[in-house]
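Colleague: target-v5.txt is reproduced below (compact mmCIF, C-alpha atoms).
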# COMPACT_ATOMS: atom_id res chain seq x y z
CA MET A 1 -34.30 42.73 30.82
CA PHE A 2 -36.85 42.46 33.62
CA GLU A 3 -35.35 42.40 37.10
CA ARG A 4 -36.89 40.78 40.16
CA ASN A 5 -36.71 43.89 42.37
CA SER A 6 -38.80 45.91 39.96
CA GLN A 7 -42.57 46.38 39.91
CA PHE A 8 -44.64 44.67 37.21
CA THR A 9 -48.13 45.69 36.19
CA VAL A 10 -50.29 43.67 33.80
CA ILE A 11 -52.64 45.64 31.55
CA LYS A 12 -55.40 44.35 29.28
CA LEU A 13 -56.62 46.45 26.36
CA GLU A 14 -59.61 45.61 24.18
CA ASN A 15 -60.04 46.54 20.53
CA ASN A 16 -60.09 50.35 19.97
CA GLN A 17 -58.62 51.14 23.42
CA VAL A 18 -55.56 53.35 23.76
CA PHE A 19 -53.28 53.60 26.77
CA ARG A 20 -50.84 56.36 27.67
CA LEU A 21 -47.89 54.67 29.38
CA PRO A 22 -46.33 56.87 32.10
CA LYS A 23 -42.70 57.83 31.55
CA ALA A 24 -41.48 55.73 34.48
CA TYR A 25 -42.57 52.55 32.67
CA ARG A 26 -40.12 51.80 29.88
CA ASP A 27 -39.97 47.99 29.70
CA VAL A 28 -42.88 46.28 27.97
CA GLN A 29 -43.59 42.63 27.21
CA VAL A 30 -46.59 41.44 25.23
CA LEU A 31 -48.18 38.40 26.87
CA SER A 32 -50.96 38.09 24.27
CA GLY A 33 -52.05 39.99 21.18
CA THR A 34 -50.33 42.64 19.05
CA ALA A 35 -49.32 46.08 20.34
CA TRP A 36 -48.71 49.27 18.42
CA ILE A 37 -46.50 51.55 20.52
CA THR A 38 -45.64 55.11 19.54
CA VAL A 39 -43.01 57.11 21.39
CA ASP A 40 -41.07 60.13 20.10
CA LYS A 41 -42.64 59.78 16.63
CA GLN A 42 -41.35 56.19 16.41
CA ASP A 43 -43.73 53.28 15.85
CA ILE A 44 -42.98 49.87 17.34
CA ILE A 45 -45.03 46.73 16.66
CA LEU A 46 -44.84 43.91 19.21
CA ARG A 47 -46.46 40.50 19.05
CA THR A 48 -47.03 37.82 21.69
CA GLY A 49 -43.75 37.11 23.49
CA ASP A 50 -41.94 40.23 22.23
CA LYS A 51 -40.18 42.54 24.71
CA VAL A 52 -38.86 46.05 24.32
CA SER A 53 -37.07 48.62 26.42
CA LEU A 54 -38.42 51.94 25.22
CA PRO A 55 -35.91 54.77 24.78
CA SER A 56 -35.59 57.32 27.56
CA SER A 57 -37.78 60.24 26.68
CA ASN A 58 -39.54 63.26 28.06
CA ASN A 59 -42.67 61.97 26.33
CA PHE A 60 -45.01 59.19 27.32
CA ALA A 61 -45.60 56.20 25.05
CA VAL A 62 -49.01 55.53 23.50
CA ILE A 63 -50.05 51.87 23.26
CA SER A 64 -52.95 50.60 21.20
CA VAL A 65 -54.31 47.24 20.07
CA LEU A 66 -53.44 46.43 16.48
CA THR A 67 -55.79 43.45 16.01
CA LYS A 68 -59.22 42.38 17.24
CA VAL A 69 -57.56 40.07 19.80
CA PRO A 70 -57.33 41.66 23.28
CA LEU A 71 -53.85 42.89 24.15
CA ILE A 72 -52.34 41.76 27.43
CA LEU A 73 -49.01 43.28 28.32
CA GLU A 74 -46.70 43.52 31.26
CA VAL A 75 -44.97 46.80 32.02
CA LEU A 76 -42.09 47.32 34.41
CA THR A 77 -40.76 50.15 36.51
CA ASP A 78 -38.15 50.43 39.23
CA GLU A 79 -40.33 53.01 40.95
CA ARG A 80 -42.92 51.93 43.52
CA LYS A 81 -45.82 53.94 42.11
CA PRO A 82 -48.95 52.42 40.58
CA ILE A 83 -49.98 53.27 37.05
CA THR A 84 -52.56 56.04 37.01
CA ASN A 85 -53.79 58.10 34.11
CA GLN A 86 -57.02 59.17 32.49
CA PHE A 87 -57.48 55.83 30.72
CA THR A 88 -57.07 53.35 33.59
CA ASP A 89 -60.70 53.57 34.65
CA ARG A 90 -61.62 51.92 31.32
CA LEU A 91 -58.94 49.23 31.47
CA THR A 92 -58.40 46.00 33.31
CA VAL A 93 -55.29 46.60 35.40
CA VAL A 94 -54.15 43.58 37.41
CA ARG A 95 -51.69 44.10 40.25
Produce structure tokens that represent the structure in this file.

Modeller:
Amino acid sequence: MFERNSQFTVIKLENNQVFRLPKAYRDVQVLSGTAWITVDKQDIILRTGDKVSLPSSNNFAVISVLTKVPLILEVLTDERKPITNQFTDRLTVVR
């Protein structure tokens, strides 16, 4: 699912944090923790090691932590733009 020529970004979310995933990022893998992802009124629960390719959409996905364990996830895009949105200043984003 994840190709070598694509750009990965690792994101860490703590309990009660929410992240709005830009539309360009549609592949998600949970490295640690449990993620609750909502996109187009669909809820997806991912646990450590799970991967998903989110459906193409005009809407962004919302990711939140489902347990008290910090969520670490890897997101992928074929575009060469960094993740930026109103929540990144409160997150640990590792490039």

Colleague: Would you kindly identify which residues have an atom no farther than 8 Å from (-41.7, 45.5, 26.7), using only C-alpha atoms and the file's own coordinates, and write them out as a list of chain:residue names?

Modeller: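 The distance filter leaves exactly A:Arg26, A:Asp27, A:Val28, A:Gln29, A:Val30, A:Asp50, A:Lys51, A:Val52, A:Ser53, A:Leu54, A:Leu73, A:Glu74, A:Val75, A:Leu76.
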
Colleague: Compile the contact shell of Ile45 of chain A as JSON, numbers by chain: residues with an atom at most 9 Å away, counting all atoms listed in the file, same-chain residues fewer than 4 positions apart removed.

Modeller: {"A": [34, 35, 36, 37, 38, 66]}

Colleague: Given only C-alpha atoms as the basis, pick out the residue of A:Gln7, A:Phe19, A:Asp40, A:Lys12 nearest to Asn58 of chain A.

Modeller: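 Under the stated criterion, the closest residue is A:Asp40.
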
Colleague: For atom CA of Val65 of chain A and atom CA of Ile44 of chain A, determine how far apart the two atoms are, in Å to one decimal place.

Modeller: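 Computing the Euclidean distance for atom CA of Val65 of chain A and atom CA of Ile44 of chain A yields 11.9 Å.
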
Colleague: Quick one: of A:Val10, A:Ile72, A:Ile63, A:Ala24, who's nearest to Gln42 of chain A, counting only C-alpha atoms?

Modeller: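 Nearest to Gln42 of chain A: A:Ile63.
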
Colleague: Go through A:Thr9, A:Thr67, A:Gln17, A:Arg47 one by one, measure the shortest atom-to-atom distance of each to Ser32 of chain A using all atoms listed in the file, and give the residue with the smallest value.

Modeller: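 Closest residue, counting all atoms listed in the file: A:Arg47.
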
Colleague: Between atom CA of Asp43 of chain A and atom CA of Ala61 of chain A, what is the distance, to one decimal in Å?

Modeller: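 These two atoms are separated by 9.8 Å.
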
Colleague: Figure out the distance between atom CA of Leu71 of chain A and atom CA of Ser56 of chain A, please, to one decimal in Å.

Modeller: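 Atom CA of Ser56 of chain A sits 23.5 Å away from atom CA of Leu71 of chain A.
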
Colleague: For each of A:Gly33, A:Val18, A:Lys23, A:Leu46, take the minimum atom-to-atom distance to Val62 of chain A, counting only C-alpha atoms, then give the residue where this is smallest.

Modeller: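 Checking each of A:Gly33, A:Val18, A:Lys23, A:Leu46 against Val62 of chain A, counting only C-alpha atoms, the winner is A:Val18.
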
Colleague: Between A:Pro55, A:Leu31, A:Ser64, A:Thr48, which has the minimum distance to Glu14 of chain A (counting all atoms listed in the file)?

Modeller: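 Of the candidates, the smallest distance to Glu14 of chain A is held by A:Ser64.
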
Colleague: I'd like to know which of A:Ser57, A:Thr77, A:Lys68, A:Pro22 is closest to Lys41 of chain A, using all atoms listed in the file.

Modeller: A:Ser57

Colleague: Missing atoms in segment 5-16 of chain A: fill them in up to all heavy atoms and send the result as a CSV table (one decimal), keeping the file's coordinate frame.

Modeller:
chain,number,residue,atom,x,y,z
A,5,ASN,N,-36.4,42.8,41.4
A,5,ASN,CA,-36.7,43.9,42.4
A,5,ASN,C,-37.5,45.0,41.8
A,5,ASN,O,-37.7,46.0,42.4
A,5,ASN,CB,-35.4,44.4,43.0
A,5,ASN,CG,-34.5,45.1,41.9
A,5,ASN,OD1,-34.8,45.0,40.7
A,5,ASN,ND2,-33.5,45.8,42.4
A,6,SER,N,-38.0,44.9,40.6
A,6,SER,CA,-38.8,45.9,40.0
A,6,SER,C,-40.3,45.6,40.1
A,6,SER,O,-40.7,44.4,40.4
A,6,SER,CB,-38.4,46.0,38.5
A,6,SER,OG,-37.0,46.4,38.4
A,7,GLN,N,-41.1,46.6,39.8
A,7,GLN,CA,-42.6,46.4,39.9
A,7,GLN,C,-43.2,46.1,38.5
A,7,GLN,O,-43.0,46.9,37.6
A,7,GLN,CB,-43.2,47.6,40.5
A,7,GLN,CG,-44.7,47.5,40.7
A,7,GLN,CD,-45.3,48.8,41.3
A,7,GLN,OE1,-44.6,49.6,41.7
A,7,GLN,NE2,-46.6,48.8,41.3
A,8,PHE,N,-43.9,45.0,38.4
A,8,PHE,CA,-44.6,44.7,37.2
A,8,PHE,C,-46.1,45.0,37.4
A,8,PHE,O,-46.7,44.9,38.4
A,8,PHE,CB,-44.6,43.2,37.0
A,8,PHE,CG,-43.3,42.6,36.6
A,8,PHE,CD1,-42.4,42.1,37.5
A,8,PHE,CD2,-42.8,42.7,35.3
A,8,PHE,CE1,-41.2,41.6,37.2
A,8,PHE,CE2,-41.6,42.2,34.9
A,8,PHE,CZ,-40.8,41.6,35.9
A,9,THR,N,-46.7,45.5,36.3
A,9,THR,CA,-48.1,45.7,36.2
A,9,THR,C,-48.6,45.1,34.9
A,9,THR,O,-48.0,45.2,33.9
A,9,THR,CB,-48.5,47.2,36.2
A,9,THR,OG1,-48.0,47.8,37.4
A,9,THR,CG2,-50.0,47.4,36.1
A,10,VAL,N,-49.7,44.3,35.0
A,10,VAL,CA,-50.3,43.7,33.8
A,10,VAL,C,-51.5,44.5,33.4
A,10,VAL,O,-52.3,44.9,34.2
A,10,VAL,CB,-50.7,42.2,34.1
A,10,VAL,CG1,-51.4,41.6,32.9
A,10,VAL,CG2,-49.5,41.4,34.5
A,11,ILE,N,-51.6,44.8,32.1
A,11,ILE,CA,-52.6,45.6,31.6
A,11,ILE,C,-53.3,44.9,30.4
A,11,ILE,O,-52.6,44.3,29.6
A,11,ILE,CB,-52.1,47.0,31.0
A,11,ILE,CG1,-51.4,47.7,32.2
A,11,ILE,CG2,-53.2,47.8,30.3
A,11,ILE,CD1,-50.6,48.9,31.7
A,12,LYS,N,-54.6,44.9,30.4
A,12,LYS,CA,-55.4,44.4,29.3
A,12,LYS,C,-56.1,45.5,28.5
A,12,LYS,O,-56.9,46.2,29.1
A,12,LYS,CB,-56.4,43.3,29.8
A,12,LYS,CG,-57.2,42.7,28.7
A,12,LYS,CD,-58.2,41.7,29.3
A,12,LYS,CE,-59.0,41.0,28.2
A,12,LYS,NZ,-60.0,40.1,28.8
A,13,LEU,N,-55.9,45.5,27.2
A,13,LEU,CA,-56.6,46.4,26.4
A,13,LEU,C,-57.5,45.7,25.4
A,13,LEU,O,-57.1,44.7,24.8
A,13,LEU,CB,-55.6,47.3,25.6
A,13,LEU,CG,-54.7,48.2,26.4
A,13,LEU,CD1,-53.6,48.8,25.4
A,13,LEU,CD2,-55.4,49.3,27.0
A,14,GLU,N,-58.7,46.2,25.2
A,14,GLU,CA,-59.6,45.6,24.2
A,14,GLU,C,-59.5,46.4,22.9
A,14,GLU,O,-58.8,47.5,22.8
A,14,GLU,CB,-61.0,45.7,24.7
A,14,GLU,CG,-61.3,44.9,26.0
A,14,GLU,CD,-61.2,43.4,25.8
A,14,GLU,OE1,-61.4,42.9,24.7
A,14,GLU,OE2,-61.0,42.7,26.8
A,15,ASN,N,-60.1,45.9,21.8
A,15,ASN,CA,-60.0,46.5,20.5
A,15,ASN,C,-60.5,48.0,20.7
A,15,ASN,O,-61.4,48.3,21.4
A,15,ASN,CB,-61.0,45.8,19.6
A,15,ASN,CG,-60.8,46.2,18.1
A,15,ASN,OD1,-59.7,46.7,17.8
A,15,ASN,ND2,-61.8,46.0,17.3
A,16,ASN,N,-59.8,48.9,20.0
A,16,ASN,CA,-60.1,50.4,20.0
A,16,ASN,C,-59.7,51.1,21.3
A,16,ASN,O,-60.0,52.3,21.4
A,16,ASN,CB,-61.5,50.6,19.6
A,16,ASN,CG,-61.9,50.2,18.2
A,16,ASN,OD1,-61.1,50.3,17.3
A,16,ASN,ND2,-63.1,49.6,18.1
